[in-house]
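Notes follow once the structure below has been shown.
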Amino acid sequence: MPVSSIFLSMVLLMLSLCAQAASPAGMHFSHHDWELACDNTRTCRAAGYNSDSEGFAVSVLLTRKAGPRQPIMGELMIGQYGKNDALEKALAKLPPEFKLSMRINERLVGQVVMDKVSLLVNLPAKQVTALLAAISGDTNIEWVIGEHSWHLSDKG
């Protein structure tokens with residue numbers, strides 16, 4: 001075999017090995033109140049927020065790892081923008097753990113128990129499924145306790 005053929009074969013072999021060893025490139029996409037990012041850990045995340053006109057902050061993080069039949073996991077975080085005395089007083093009256101009702105178009109989908117310190121909770125699979133079906137349309141998605149509600153944007 002001529003030296004040039006051996007050299008070309010080695011280069012092609014090295015390129016294929018490098019291509020296999022390289023991590024896949026990540027991607028990021030934003031549209032209105034939602035962002036999507038897939039990274040080199042072979043995980044994709046979608047994050048949705050309340051619209052800018054809402055007073056109480058809410059975010060949902062949907063995460064899916066690569067591979068067949070991987071579930072989509074959901075996390076909910078609530079809060080507020082800036083100082084809101086009414087909300088702070090309401091939260092102060094709540095027990096260390098309290099229930100938030102998830103509603104889609106005024107229909108109760110379920111409840112989650114939230115820790116008053118972290119204001120973060122994992123969503124049950126049933127609520128993630130309902131949320132996935134709801135975010136693709138003109139939908140009112142909210143979490144409610146008493147007279148307070150956090151509205152997730154369906155724009156994006």
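Please note that chains go A, B, ... in the order of the structure tokens, that every chain numbers its residues from 1, and that ligands are numbered from 1 in the order shown.
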
Using only C-alpha atoms, determine which residues lie at most 7 Å from region 68-75 of chain A, disregarding the query and same-chain residues fewer than 4 positions distant; provide the list as a PyMOL selection string.
chain A and resi 60-64+121-123+128

Determine which residues of chain A DSSP labels as helix (DSSP H, G or I) from the backbone of this structure, then write them out as JSON, numbers by chain.
{"A": [3, 4, 5, 6, 7, 8, 9, 10, 11, 12, 13, 14, 15, 16, 17, 18, 19, 20, 21, 85, 86, 87, 88, 89, 90, 91, 92, 93, 125, 126, 127, 128, 129, 130, 131, 132, 133, 134]}

For those residues, write C-alpha atoms to a file as a PDB file, in the first residue's frame.
ATOM      1  CA  VAL A   3       2.401   5.811   1.846  1.00  0.00           C
ATOM      2  CA  SER A   4      -0.226   8.342   0.709  1.00  0.00           C
ATOM      3  CA  SER A   5      -2.995   5.716   1.009  1.00  0.00           C
ATOM      4  CA  ILE A   6      -1.815   4.770   4.501  1.00  0.00           C
ATOM      5  CA  PHE A   7      -1.694   8.448   5.476  1.00  0.00           C
ATOM      6  CA  LEU A   8      -5.187   9.097   4.074  1.00  0.00           C
ATOM      7  CA  SER A   9      -6.550   6.033   5.874  1.00  0.00           C
ATOM      8  CA  MET A  10      -5.035   7.212   9.161  1.00  0.00           C
ATOM      9  CA  VAL A  11      -6.478  10.724   8.726  1.00  0.00           C
ATOM     10  CA  LEU A  12      -9.942   9.323   7.987  1.00  0.00           C
ATOM     11  CA  LEU A  13      -9.702   6.999  10.979  1.00  0.00           C
ATOM     12  CA  MET A  14      -8.660   9.879  13.264  1.00  0.00           C
ATOM     13  CA  LEU A  15     -11.471  12.096  11.980  1.00  0.00           C
ATOM     14  CA  SER A  16     -14.071   9.415  12.601  1.00  0.00           C
ATOM     15  CA  LEU A  17     -12.723   8.799  16.111  1.00  0.00           C
ATOM     16  CA  CYS A  18     -12.759  12.538  16.848  1.00  0.00           C
ATOM     17  CA  ALA A  19     -16.301  12.841  15.535  1.00  0.00           C
ATOM     18  CA  GLN A  20     -17.429  10.022  17.802  1.00  0.00           C
ATOM     19  CA  ALA A  21     -15.629  11.448  20.823  1.00  0.00           C
ATOM     20  CA  ASP A  85     -46.388  43.594  51.003  1.00  0.00           C
ATOM     21  CA  ALA A  86     -49.706  41.824  50.355  1.00  0.00           C
ATOM     22  CA  LEU A  87     -48.029  38.652  49.147  1.00  0.00           C
ATOM     23  CA  GLU A  88     -45.403  38.715  51.900  1.00  0.00           C
ATOM     24  CA  LYS A  89     -48.157  39.009  54.536  1.00  0.00           C
ATOM     25  CA  ALA A  90     -50.123  36.169  52.932  1.00  0.00           C
ATOM     26  CA  LEU A  91     -47.052  33.911  52.801  1.00  0.00           C
ATOM     27  CA  ALA A  92     -46.187  34.760  56.412  1.00  0.00           C
ATOM     28  CA  LYS A  93     -49.589  33.410  57.510  1.00  0.00           C
ATOM     29  CA  ALA A 125     -46.569  13.345  36.201  1.00  0.00           C
ATOM     30  CA  LYS A 126     -50.321  13.954  35.786  1.00  0.00           C
ATOM     31  CA  GLN A 127     -49.822  17.716  36.078  1.00  0.00           C
ATOM     32  CA  VAL A 128     -46.846  17.675  33.691  1.00  0.00           C
ATOM     33  CA  THR A 129     -48.978  15.845  31.130  1.00  0.00           C
ATOM     34  CA  ALA A 130     -51.817  18.365  31.533  1.00  0.00           C
ATOM     35  CA  LEU A 131     -49.360  21.242  31.296  1.00  0.00           C
ATOM     36  CA  LEU A 132     -47.788  19.888  28.093  1.00  0.00           C
ATOM     37  CA  ALA A 133     -51.221  19.635  26.482  1.00  0.00           C
ATOM     38  CA  ALA A 134     -52.171  23.139  27.629  1.00  0.00           C
TER      39      ALA A 134
END

Sel. of strand (DSSP E) residues, chain A, as a PyMOL selection string
chain A and resi 27-31+34-38+43-49+58-65+72-78+97-104+107-115+120-123+141-145+148-152

Selected residue of minimal separation from Asn105 (chain A) among A:Asn50, A:Ser153, A:Asn140, A:Ser59, counting only C-alpha atoms:
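Of A:Asn50, A:Ser153, A:Asn140, A:Ser59, the one nearest Asn105 (chain A) is A:Asn140, counting only C-alpha atoms.
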
For region 141-150 of chain A, please output as a list in words all residues within 6 Å (counting only C-alpha atoms; exclusion window: fewer than 5 positions along the same chain).
Phe56, Val58, Leu100, Ser101, Met102, Arg103 and Ile104 of chain A

Please list as an NGL selection string every residue within 8 Å of Glu35 (chain A), counting only C-alpha atoms and excluding residues in the same chain fewer than 5 positions away.
:A and (28-30 or 46-48 or 156)

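Computed from the coordinates, the CA of Phe98 (chain A) to CA of Gln111 (chain A) distance equals 9.8 Å.
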
Polymer residues at most 10 Å from Ala57 (chain A), only C-alpha atoms, same-chain spacing of 5 or more positions, as an MDAnalysis selection string:
chainID A and resid 49:52 77:82 149:152

Go through A:Met27, A:Cys44, A:Leu36, A:Leu119 and flag the residue nearest Pro96 (chain A), using only C-alpha atoms for the distances.
A:Leu119
